[in-house]
file work_17.cif (mmCIF, C-alpha atoms)
data_structure
#
loop_
_atom_site.label_atom_id
_atom_site.label_comp_id
_atom_site.auth_asym_id
_atom_site.auth_seq_id
_atom_site.Cartn_x
_atom_site.Cartn_y
_atom_site.Cartn_z
CA MET A 1 139.10 54.46 113.67
CA ASN A 2 137.81 56.77 116.35
CA ASN A 3 140.08 57.73 119.20
CA PHE A 4 137.92 57.05 122.22
CA ALA A 5 140.69 57.57 124.75
CA LYS A 6 139.93 61.30 124.99
CA TYR A 7 136.35 60.74 126.16
CA THR A 8 135.07 60.45 129.70
CA VAL A 9 132.93 57.49 130.67
CA PRO A 10 129.69 59.53 130.56
CA GLU A 11 130.69 60.74 127.12
CA LEU A 12 131.32 57.19 125.98
CA LEU A 13 127.91 56.17 127.30
CA ASP A 14 126.37 59.04 125.35
CA GLN A 15 128.11 57.85 122.20
CA PHE A 16 126.97 54.32 122.85
CA ARG A 17 123.39 55.45 123.34
CA ASN A 18 123.37 57.66 120.25
CA ALA A 19 124.73 54.82 118.13
CA CYS A 20 121.97 52.55 119.46
CA LEU A 21 119.32 55.13 118.59
CA ALA A 22 120.73 55.41 115.09
CA GLN A 23 120.71 51.64 114.87
CA TYR A 24 117.09 51.60 116.02
CA ASP A 25 116.18 53.81 113.09
CA THR A 26 117.82 51.40 110.66
CA TYR A 27 115.02 48.96 111.45
CA LEU A 28 112.60 51.48 110.00
CA THR A 29 114.67 52.06 106.91
CA ASP A 30 115.89 48.47 106.49
CA ASN A 31 119.41 49.84 106.24
CA VAL A 32 121.31 46.74 107.31
CA SER A 33 124.66 48.06 106.08
CA LYS A 34 124.41 51.10 108.34
CA SER A 35 123.29 48.91 111.21
CA ASN A 36 126.38 46.74 110.82
CA LYS A 37 128.68 49.76 110.75
CA LEU A 38 127.04 50.97 113.92
CA PHE A 39 127.62 47.53 115.42
CA ASP A 40 131.35 47.97 114.83
CA TYR A 41 131.14 51.38 116.46
CA LEU A 42 129.32 50.01 119.50
CA LEU A 43 131.91 47.27 119.80
CA ALA A 44 134.70 49.85 119.75
CA VAL A 45 133.05 51.88 122.50
CA THR A 46 132.53 48.76 124.60
CA ARG A 47 136.15 47.74 124.18
CA GLU A 48 137.28 51.18 125.29
CA LEU A 49 135.17 50.80 128.44
CA LYS A 50 136.57 47.29 128.92
CA ARG A 51 140.11 48.63 128.57
CA ARG A 52 139.45 51.08 131.40
CA GLY A 53 138.23 48.43 133.82
CA VAL A 54 135.29 46.37 135.06
CA ASP A 55 133.59 49.24 136.87
CA GLU A 56 133.78 51.43 133.79
CA ARG A 57 132.30 48.69 131.65
CA ARG A 58 129.58 48.05 134.22
CA SER A 59 128.55 51.68 133.79
CA LEU A 60 126.64 50.36 130.78
CA LEU A 61 124.15 49.04 133.33
CA SER A 62 122.83 52.59 133.68
CA LEU A 63 121.48 52.27 130.14
CA PHE A 64 119.11 49.52 131.25
CA ALA A 65 116.77 52.32 132.34
CA ASP A 66 116.71 53.87 128.89
CA LYS A 67 113.36 54.26 127.21
CA ASN A 68 114.59 52.90 123.89
CA PRO A 69 114.66 49.08 123.63
CA GLN A 70 117.61 49.05 121.25
CA VAL A 71 119.70 50.91 123.82
CA ARG A 72 118.74 48.44 126.53
CA LEU A 73 119.34 45.49 124.19
CA GLN A 74 122.83 46.48 123.13
CA ALA A 75 123.82 47.54 126.62
CA ALA A 76 122.75 44.15 127.95
CA LYS A 77 124.76 42.24 125.37
CA SER A 78 127.80 44.46 125.82
CA VAL A 79 127.89 44.21 129.59
CA TYR A 80 126.91 40.55 129.89
CA ALA A 81 130.47 39.31 130.43
CA VAL A 82 130.86 41.37 133.61
CA ALA A 83 127.24 41.52 134.80
CA PRO A 84 125.53 38.33 133.59
CA ILE A 85 122.67 38.26 136.08
CA GLU A 86 121.54 41.83 135.44
CA ALA A 87 122.11 41.51 131.71
CA LYS A 88 120.16 38.29 131.46
CA ALA A 89 117.23 39.82 133.33
CA CYS A 90 117.27 42.75 130.94
CA LEU A 91 117.36 40.47 127.90
CA GLU A 92 114.50 38.39 129.29
CA ALA A 93 112.38 41.50 129.80
CA ILE A 94 113.00 42.67 126.23
CA ALA A 95 112.35 39.20 124.83
CA ALA A 96 109.01 39.05 126.65
CA ALA A 97 107.91 42.53 125.60
CA GLY A 98 106.70 41.52 122.14
CA LEU A 99 108.60 44.28 120.37
CA PRO A 100 109.39 44.11 116.67
CA ASP A 101 113.07 43.21 116.12
CA GLN A 102 114.45 43.83 119.61
CA SER A 103 112.45 40.99 121.21
CA LEU A 104 113.64 38.58 118.55
CA SER A 105 117.25 39.63 118.99
CA ALA A 106 117.08 39.39 122.77
CA GLY A 107 115.37 36.01 122.58
CA MET A 108 117.90 34.62 120.15
CA THR A 109 120.73 35.80 122.37
CA LEU A 110 119.16 34.01 125.33
CA SER A 111 118.76 30.84 123.29
CA ARG A 112 122.32 31.06 122.10
CA LEU A 113 123.55 31.54 125.65
CA GLU A 114 121.81 28.31 126.64
CA GLU A 115 123.78 26.47 123.94
CA VAL A 116 127.04 28.38 124.20
CA PRO A 117 127.24 30.02 127.63
CA ASN A 118 130.45 31.90 126.82
CA CYS A 119 129.33 33.23 123.45
CA LEU A 120 129.46 36.84 124.70
CA ASP A 121 132.75 36.56 126.57
CA TRP A 122 134.89 37.57 123.60
CA ILE A 123 133.61 41.15 123.56
CA MET B 1 115.47 58.89 110.38
CA GLY B 2 114.11 62.08 111.91
CA TRP B 3 110.51 62.51 112.89
CA LEU B 4 109.66 64.64 109.87
CA ALA B 5 111.07 62.02 107.57
CA ALA B 6 109.22 59.32 109.46
CA LEU B 7 106.00 61.28 109.17
CA ALA B 8 106.55 61.77 105.45
CA ALA B 9 107.17 58.05 105.04
CA MET B 10 103.98 57.30 106.93
CA LEU B 11 101.96 59.63 104.71
CA ASP B 12 103.48 58.07 101.59
CA ALA B 13 102.62 54.64 102.89
CA MET B 14 99.06 55.64 103.69
CA ALA B 15 98.62 57.05 100.19
CA LEU B 16 99.90 53.83 98.67
CA LEU B 17 97.64 51.79 100.90
CA ALA B 18 94.63 53.91 100.01
CA ALA B 19 95.38 53.49 96.32
CA ALA B 20 95.68 49.76 96.75
CA ALA B 21 92.37 49.64 98.59
CA VAL B 22 90.55 50.95 95.52
CA GLU B 23 91.06 47.61 93.87
CA LEU B 24 90.07 45.72 96.95
CA GLU B 25 88.89 42.24 96.13
CA LYS B 26 86.07 40.44 97.93
CA ALA B 27 85.75 36.66 97.87
CA ARG B 28 82.28 35.46 96.82
CA PRO B 29 81.09 31.94 96.02
CA ASP B 30 79.52 33.05 92.72
CA ASP B 31 82.28 35.34 91.50
CA PRO B 32 84.39 33.53 88.87
CA LYS B 33 87.16 36.14 89.10
CA HIS B 34 87.37 36.22 92.91
CA PRO B 35 85.78 32.93 94.02
CA GLY B 36 85.25 32.33 97.72
CA TRP B 37 84.26 29.47 99.97
CA PRO B 38 80.54 29.57 100.80
CA ALA B 39 79.25 30.20 104.30
CA GLY B 40 79.48 27.05 106.39
CA ALA B 41 82.45 25.63 104.53
CA PRO B 42 84.64 23.41 106.73
CA ASP B 43 87.75 24.66 108.51
CA SER B 44 86.16 28.12 108.89
CA GLN B 45 86.89 28.83 105.26
CA GLY B 46 83.58 30.58 104.61
CA GLY B 47 84.15 33.95 102.95
CA ARG B 48 87.81 33.27 102.24
CA PHE B 49 89.25 32.99 98.77
CA ARG B 50 89.16 29.55 97.18
CA PRO B 51 90.97 28.35 94.05
CA LYS B 52 89.30 29.14 90.75
CA ASP B 53 87.05 26.42 89.34
CA GLU B 54 89.65 25.07 86.99
CA ASP B 55 91.99 24.53 89.94
CA TRP B 56 89.60 22.40 92.01
CA GLU B 57 90.39 18.75 92.45
CA GLU B 58 87.20 17.52 94.05
CA VAL B 59 83.87 18.75 95.33
CA ALA B 60 81.65 16.17 97.00
CA GLY B 61 78.36 17.44 98.39
CA ASP B 62 79.19 20.14 100.90
CA ILE B 63 82.75 18.87 101.31
CA TRP B 64 85.23 21.18 99.64
CA VAL B 65 88.61 19.64 99.02
CA ARG B 66 91.49 22.06 98.71
CA PRO B 67 94.06 21.30 96.02
CA ARG B 68 97.42 20.01 97.22
CA ARG B 69 99.46 21.40 94.40
CA ARG B 70 101.71 24.25 95.20
CA GLN B 71 100.82 27.80 94.35
CA HIS B 72 103.07 30.82 94.09
CA ARG B 73 106.03 29.30 95.87
CA ASN B 74 108.06 32.47 95.93
CA SER B 75 107.93 35.02 98.69
CA GLY B 76 106.55 37.64 96.33
CA GLY B 77 104.71 36.71 93.16
CA VAL B 78 101.02 37.45 93.06
CA ARG B 79 100.94 38.82 96.55
CA ASP B 80 103.61 41.38 95.77
CA SER B 81 101.66 42.58 92.76
CA ALA B 82 98.54 42.91 94.90
CA LEU B 83 100.26 45.13 97.40
CA SER B 84 103.49 46.75 96.43
CA GLN B 85 106.68 46.26 98.38
CA ALA B 86 106.60 49.93 99.22
CA ALA B 87 103.15 49.69 100.74
CA LYS B 88 104.13 46.65 102.80
CA ARG B 89 107.16 48.51 104.04
CA GLY B 90 104.80 51.28 104.97
CA VAL B 91 102.87 48.91 107.19
CA ARG B 92 106.05 48.04 108.98
CA ILE B 93 107.00 51.66 109.40
CA LEU B 94 103.56 52.35 110.80
CA ILE B 95 103.90 49.55 113.32
CA HIS B 96 107.26 50.86 114.48
CA ALA B 97 106.16 54.49 114.49
CA GLY B 98 102.94 53.62 116.26
CA LEU B 99 104.81 51.73 118.95
CA ARG B 100 107.25 54.56 119.38
CA ALA B 101 104.66 57.33 119.41
CA ALA B 102 102.41 55.53 121.84
CA ASN B 103 105.35 54.31 123.90
CA ILE B 104 103.77 50.87 123.74
CA GLU B 105 105.95 48.07 125.09
CA ALA B 106 103.62 45.18 124.31
CA PRO B 107 101.65 45.45 121.07
CA GLY B 108 98.19 43.96 121.16
CA LEU B 109 94.68 44.30 119.92
CA GLY B 110 94.54 48.04 120.54
CA LEU B 111 97.45 48.64 118.25
CA LEU B 112 96.00 46.28 115.68
CA LEU B 113 92.78 48.25 115.58
CA GLU B 114 94.52 51.60 115.58
CA ILE B 115 96.89 50.79 112.76
CA GLY B 116 95.17 48.05 110.81
CA LEU B 117 91.55 49.06 110.69
CA GLY B 118 92.31 52.76 110.44
CA LEU B 119 94.13 52.27 107.15
CA ALA B 120 93.24 50.77 103.84
CA GLU B 121 91.82 47.27 103.99
CA ARG B 122 94.62 45.98 101.82
CA ALA B 123 97.03 46.45 104.69
CA TYR B 124 94.84 44.60 107.12
CA PRO B 125 95.97 41.02 106.29
CA TYR B 126 99.60 41.98 106.91
CA VAL B 127 98.90 43.60 110.25
CA ARG B 128 96.46 40.88 111.34
CA ALA B 129 98.89 38.12 110.37
CA TYR B 130 101.58 39.75 112.49
CA PHE B 131 99.57 38.96 115.61
CA ASP B 132 98.80 35.32 114.73
CA PRO B 133 99.36 32.90 117.62
CA PRO B 134 102.15 30.32 117.32
CA GLN B 135 101.32 27.14 115.40
CA SER B 136 102.76 23.67 115.04
CA LEU B 137 105.48 23.01 112.50
CA GLU B 138 103.12 20.74 110.59
CA ALA B 139 100.49 23.47 110.36
CA LEU B 140 103.03 26.00 109.10
CA GLN B 141 104.32 23.52 106.51
CA GLU B 142 100.79 22.71 105.37
CA ALA B 143 99.94 26.39 105.09
CA ALA B 144 102.94 26.91 102.81
CA LEU B 145 101.14 24.82 100.18
CA ASP B 146 98.45 27.46 99.93
CA PRO B 147 99.90 30.94 100.63
CA GLN B 148 97.50 33.67 101.67
CA PRO B 149 97.76 37.47 101.59
CA GLY B 150 99.75 38.75 104.53
CA TYR B 151 102.05 35.74 104.59
CA ASP B 152 105.30 34.63 102.95
CA VAL B 153 106.83 31.24 102.32
CA HIS B 154 109.92 31.07 104.51
CA HIS B 155 112.79 28.60 104.26
CA ILE B 156 113.72 27.28 107.69
CA VAL B 157 117.21 26.59 106.40
CA GLU B 158 118.03 29.56 104.24
CA GLY B 159 118.90 28.99 100.61
CA GLY B 160 121.76 31.46 100.89
CA THR B 161 123.55 29.20 103.35
CA ALA B 162 123.45 26.12 101.11
CA LEU B 163 126.75 24.27 101.08
CA ASP B 164 126.53 23.45 97.39
CA ALA B 165 124.09 23.12 94.50
CA SER B 166 123.09 19.63 95.60
CA GLU B 167 121.40 21.12 98.65
CA ALA B 168 119.00 23.21 96.58
CA ALA B 169 116.37 20.46 96.43
CA ARG B 170 116.51 20.00 100.17
CA VAL B 171 116.23 23.73 100.77
CA ASN B 172 113.18 23.92 98.52
CA SER B 173 111.52 20.77 99.87
CA SER B 174 108.15 21.05 101.58
CA ASP B 175 109.74 20.02 104.87
CA ASN B 176 111.88 23.14 104.81
CA GLU B 177 109.13 25.59 103.82
CA VAL B 178 106.69 27.21 106.21
CA LEU B 179 104.16 29.99 105.81
CA ILE B 180 104.78 32.88 108.19
CA PRO B 181 103.48 36.46 108.44
CA THR B 182 105.18 38.71 105.90
CA LEU B 183 106.23 41.25 108.49
CA LYS B 184 107.79 38.56 110.65
CA HIS B 185 109.52 37.19 107.57
CA TRP B 186 111.17 40.57 107.09
CA GLU B 187 112.04 40.66 110.77
CA LEU B 188 113.72 37.27 110.58
CA ASN B 189 115.57 38.18 107.40
CA GLY B 190 116.78 41.37 109.07
CA TRP B 191 117.99 39.42 112.07
CA TYR B 192 119.90 37.01 109.84
CA ALA B 193 121.63 39.90 108.11
CA ARG B 194 122.65 42.02 111.09
CA LYS B 195 125.92 41.50 112.92
CA ASP B 196 125.49 40.26 116.45
CA TYR B 197 127.65 39.58 119.46
CA GLU B 198 126.64 35.98 120.08
CA PHE B 199 128.02 34.93 116.71
CA GLY B 200 131.45 36.41 117.26
CA GLY B 201 130.53 39.70 115.61
CA LEU B 202 129.27 38.03 112.45
CA SER B 203 125.74 38.13 111.15
CA PRO B 204 123.88 34.86 111.79
CA ARG B 205 123.81 34.32 108.02
CA ASP B 206 127.58 34.64 107.73
CA TYR B 207 128.08 32.51 110.82
CA LEU B 208 125.97 29.72 109.36
CA MET B 209 127.82 29.58 106.07
CA GLY B 210 129.43 26.17 105.83
CA LYS B 211 127.72 24.82 108.94
CA SER B 212 125.91 21.47 108.91
CA TRP B 213 122.28 21.17 107.87
CA GLU B 214 121.37 20.20 111.42
CA GLU B 215 122.90 23.32 112.92
CA ARG B 216 121.25 25.58 110.37
CA LEU B 217 117.94 23.82 110.93
CA ARG B 218 118.22 24.13 114.69
CA LEU B 219 118.88 27.87 114.48
CA GLY B 220 116.10 28.28 111.93
CA LEU B 221 113.57 26.59 114.20
CA MET B 222 114.85 28.58 117.14
CA GLY B 223 114.19 31.78 115.22
CA LEU B 224 110.65 30.71 114.37
CA ARG B 225 109.95 30.01 118.03
CA ARG B 226 111.50 33.19 119.28
CA ILE B 227 109.57 35.32 116.81
CA GLY B 228 106.34 33.74 117.96
CA VAL B 229 105.46 31.78 114.83
CA LEU B 230 106.27 28.23 115.93
CA GLU B 231 104.89 26.59 119.07
#

call {"tool": "encode", "arguments": {"input": "work_17.cif", "output": "structure tokens"}}
result
Amino acid sequence: MNNFAKYTVPELLDQFRNACLAQYDTYLTDNVSKSNKLFDYLLAVTRELKRRGVDERRSLLSLFADKNPQVRLQAAKSVYAVAPIEAKACLEAIAAAGLPDQSLSAGMTLSRLEEVPNCLDWI
Amino acid sequence: MGWLAALAAMLDAMALLAAAAVELEKARPDDPKHPGWPAGAPDSQGGRFRPKDEDWEEVAGDIWVRPRRRQHRNSGGVRDSALSQAAKRGVRILIHAGLRAANIEAPGLGLLLEIGLGLAERAYPYVRAYFDPPQSLEALQEAALDPQPGYDVHHIVEGGTALDASEAARVNSSDNEVLIPTLKHWELNGWYARKDYEFGGLSPRDYLMGKSWEERLRLGLMGLRRIGVLE
């Protein structure tokens, strides 16, 4: 397991973004196994941010301006528990964009949130 | 995947598509090998492929009755032999790469023309189908009885999540089968397989294992709506 404690928040955000970009490429290669390993990595980064505090975790909001939809998507899901209004708006924008894969994922998350409002609280 | 690798994959896909286009088939009313519906056929079928003569059930005057028996129930079968899996994957790569290169947020007709018509005609049904408007559940179920190029038969409740062998018949029943664009079928399958936060870190497929038919059906229908296939 990576030791994230040595990284600054900006460095953690960089790692989060890079993992999302790598995950984005797995949609081109259909490499689901790699995508799932990257999911675990993203979860570990998010938990490190969560361990440091709400403000540190909310720093993920800065990734909502990223050009890549996978970065925005994962940032929105990861920060939802502490910034639900902003995260929901981001998910809605991605869902409405008609993008392959990311729009489906964002839309399904929104649908799931309607059924189970706390489904992202465990992160 | 780096850009050079992506470019190489695109070129490979284009070569495969071009090769497939050589054996392009055209539907004609008088062609016994590739029979087509004549101009003016009902339901806008004119020019489309029709079943071969031995498969017809009834022809009355100008009324063409399509057979109700099932054809090629699997996701691959004849359609996979017509256009290889590699070529279809190429279409998907092209869609992604085209979106990325053009920085297009909302794909539309422009992208369709750029990618679909610029490549071999064999790829066109797959790209065109991707942009189909949503349809009713009944229409999707009906279409599954007569699969067309560019589309796959999709199980609303996945077979892989069946509780036991006794559910197999229900999974493979016509109520549970819909015809959806091949590329969206891959997209849905990918979504089912990838871990996600809203399912406690499990993939939707793993989450659904052991769940009731109703819950699996509800999520399956939700996916069809969210991907823009079901009204």

call {"tool": "closest_residue", "arguments": {"input": "work_17.cif", "among": "B:Arg216, B:Arg194, B:His154, B:Arg128", "to": "chain A", "atoms": "only C-alpha atoms"}}
result
B:Arg194

call {"tool": "atom_distance", "arguments": {"input": "work_17.cif", "atom1": "atom CA of Glu177 of chain B", "atom2": "atom CA of Ala95 of chain A"}}
result
25.2 Å

call {"tool": "residues_around", "arguments": {"input": "work_17.cif", "residues": "segment 11-15 of chain A", "least_positions_apart": "4", "cutoff": "8 Å", "atoms": "all atoms listed in the file", "output": "list in words"}}
result
Phe4, Tyr7, Ala19, Val45, Leu49, Ser59 and Leu60 of chain A

call {"tool": "interface_residues", "arguments": {"input": "work_17.cif", "of": "chain A", "to": "chain B", "cutoff": "7 Å", "atoms": "only C-alpha atoms", "output": "list of chain:residue names"}}
result
A:Asp25, A:Leu28, A:Val32, A:Ser35, A:Asn36, A:Phe39, A:Ala97, A:Gly98, A:Leu99, A:Asp101, A:Leu104, A:Ser105, A:Gly107, A:Met108, A:Thr109, A:Arg112, A:Cys119, A:Leu120

call {"tool": "write_last_selection", "arguments": {"input": "work_17.cif", "atoms": "C-alpha atoms", "output": "PDB file, in the coordinates of the input"}}
result
ATOM      1  CA  ASP A  25     116.180  53.810 113.090  1.00  0.00           C
ATOM      2  CA  LEU A  28     112.600  51.480 110.000  1.00  0.00           C
ATOM      3  CA  VAL A  32     121.310  46.740 107.310  1.00  0.00           C
ATOM      4  CA  SER A  35     123.290  48.910 111.210  1.00  0.00           C
ATOM      5  CA  ASN A  36     126.380  46.740 110.820  1.00  0.00           C
ATOM      6  CA  PHE A  39     127.620  47.530 115.420  1.00  0.00           C
ATOM      7  CA  ALA A  97     107.910  42.530 125.600  1.00  0.00           C
ATOM      8  CA  GLY A  98     106.700  41.520 122.140  1.00  0.00           C
ATOM      9  CA  LEU A  99     108.600  44.280 120.370  1.00  0.00           C
ATOM     10  CA  ASP A 101     113.070  43.210 116.120  1.00  0.00           C
ATOM     11  CA  LEU A 104     113.640  38.580 118.550  1.00  0.00           C
ATOM     12  CA  SER A 105     117.250  39.630 118.990  1.00  0.00           C
ATOM     13  CA  GLY A 107     115.370  36.010 122.580  1.00  0.00           C
ATOM     14  CA  MET A 108     117.900  34.620 120.150  1.00  0.00           C
ATOM     15  CA  THR A 109     120.730  35.800 122.370  1.00  0.00           C
ATOM     16  CA  ARG A 112     122.320  31.060 122.100  1.00  0.00           C
ATOM     17  CA  CYS A 119     129.330  33.230 123.450  1.00  0.00           C
ATOM     18  CA  LEU A 120     129.460  36.840 124.700  1.00  0.00           C
TER      19      LEU A 120
END

call {"tool": "atom_distance", "arguments": {"input": "work_17.cif", "atom1": "atom CA of His155 of chain B", "atom2": "atom CA of Glu231 of chain B"}}
result
16.9 Å

call {"tool": "atom_distance", "arguments": {"input": "work_17.cif", "atom1": "atom CA of Pro149 of chain B", "atom2": "atom CA of Ser103 of chain A"}}
result
24.8 Å

call {"tool": "residues_around", "arguments": {"input": "work_17.cif", "residues": "Thr161 of chain B", "least_positions_apart": "5", "cutoff": "9 Å", "atoms": "all atoms listed in the file", "output": "list in words"}}
result
Arg205, Asp206, Leu208, Met209, Gly210, Lys211 and Arg216 of chain B

call {"tool": "resolve_selection", "arguments": {"input": "work_17.cif", "expression": "the PyMOL selection byres ((chain A and resi 48) around 10)", "output": "ChimeraX atom specification"}}
result
/A:3-5,7,9,12,42-47,49-53,56-57

call {"tool": "write_last_selection", "arguments": {"input": "work_17.cif", "atoms": "C-alpha atoms", "output": "tab-separated table (two decimals), in the frame of the given file"}}
result
chain	number	residue	atom	x	y	z
A	3	ASN	CA	140.08	57.73	119.20
A	4	PHE	CA	137.92	57.05	122.22
A	5	ALA	CA	140.69	57.57	124.75
A	7	TYR	CA	136.35	60.74	126.16
A	9	VAL	CA	132.93	57.49	130.67
A	12	LEU	CA	131.32	57.19	125.98
A	42	LEU	CA	129.32	50.01	119.50
A	43	LEU	CA	131.91	47.27	119.80
A	44	ALA	CA	134.70	49.85	119.75
A	45	VAL	CA	133.05	51.88	122.50
A	46	THR	CA	132.53	48.76	124.60
A	47	ARG	CA	136.15	47.74	124.18
A	49	LEU	CA	135.17	50.80	128.44
A	50	LYS	CA	136.57	47.29	128.92
A	51	ARG	CA	140.11	48.63	128.57
A	52	ARG	CA	139.45	51.08	131.40
A	53	GLY	CA	138.23	48.43	133.82
A	56	GLU	CA	133.78	51.43	133.79
A	57	ARG	CA	132.30	48.69	131.65

call {"tool": "closest_residue", "arguments": {"input": "work_17.cif", "among": "A:Phe64, A:Ile123, A:Val54, A:Lys88", "to": "Ser111 of chain A", "atoms": "only C-alpha atoms"}}
result
A:Lys88
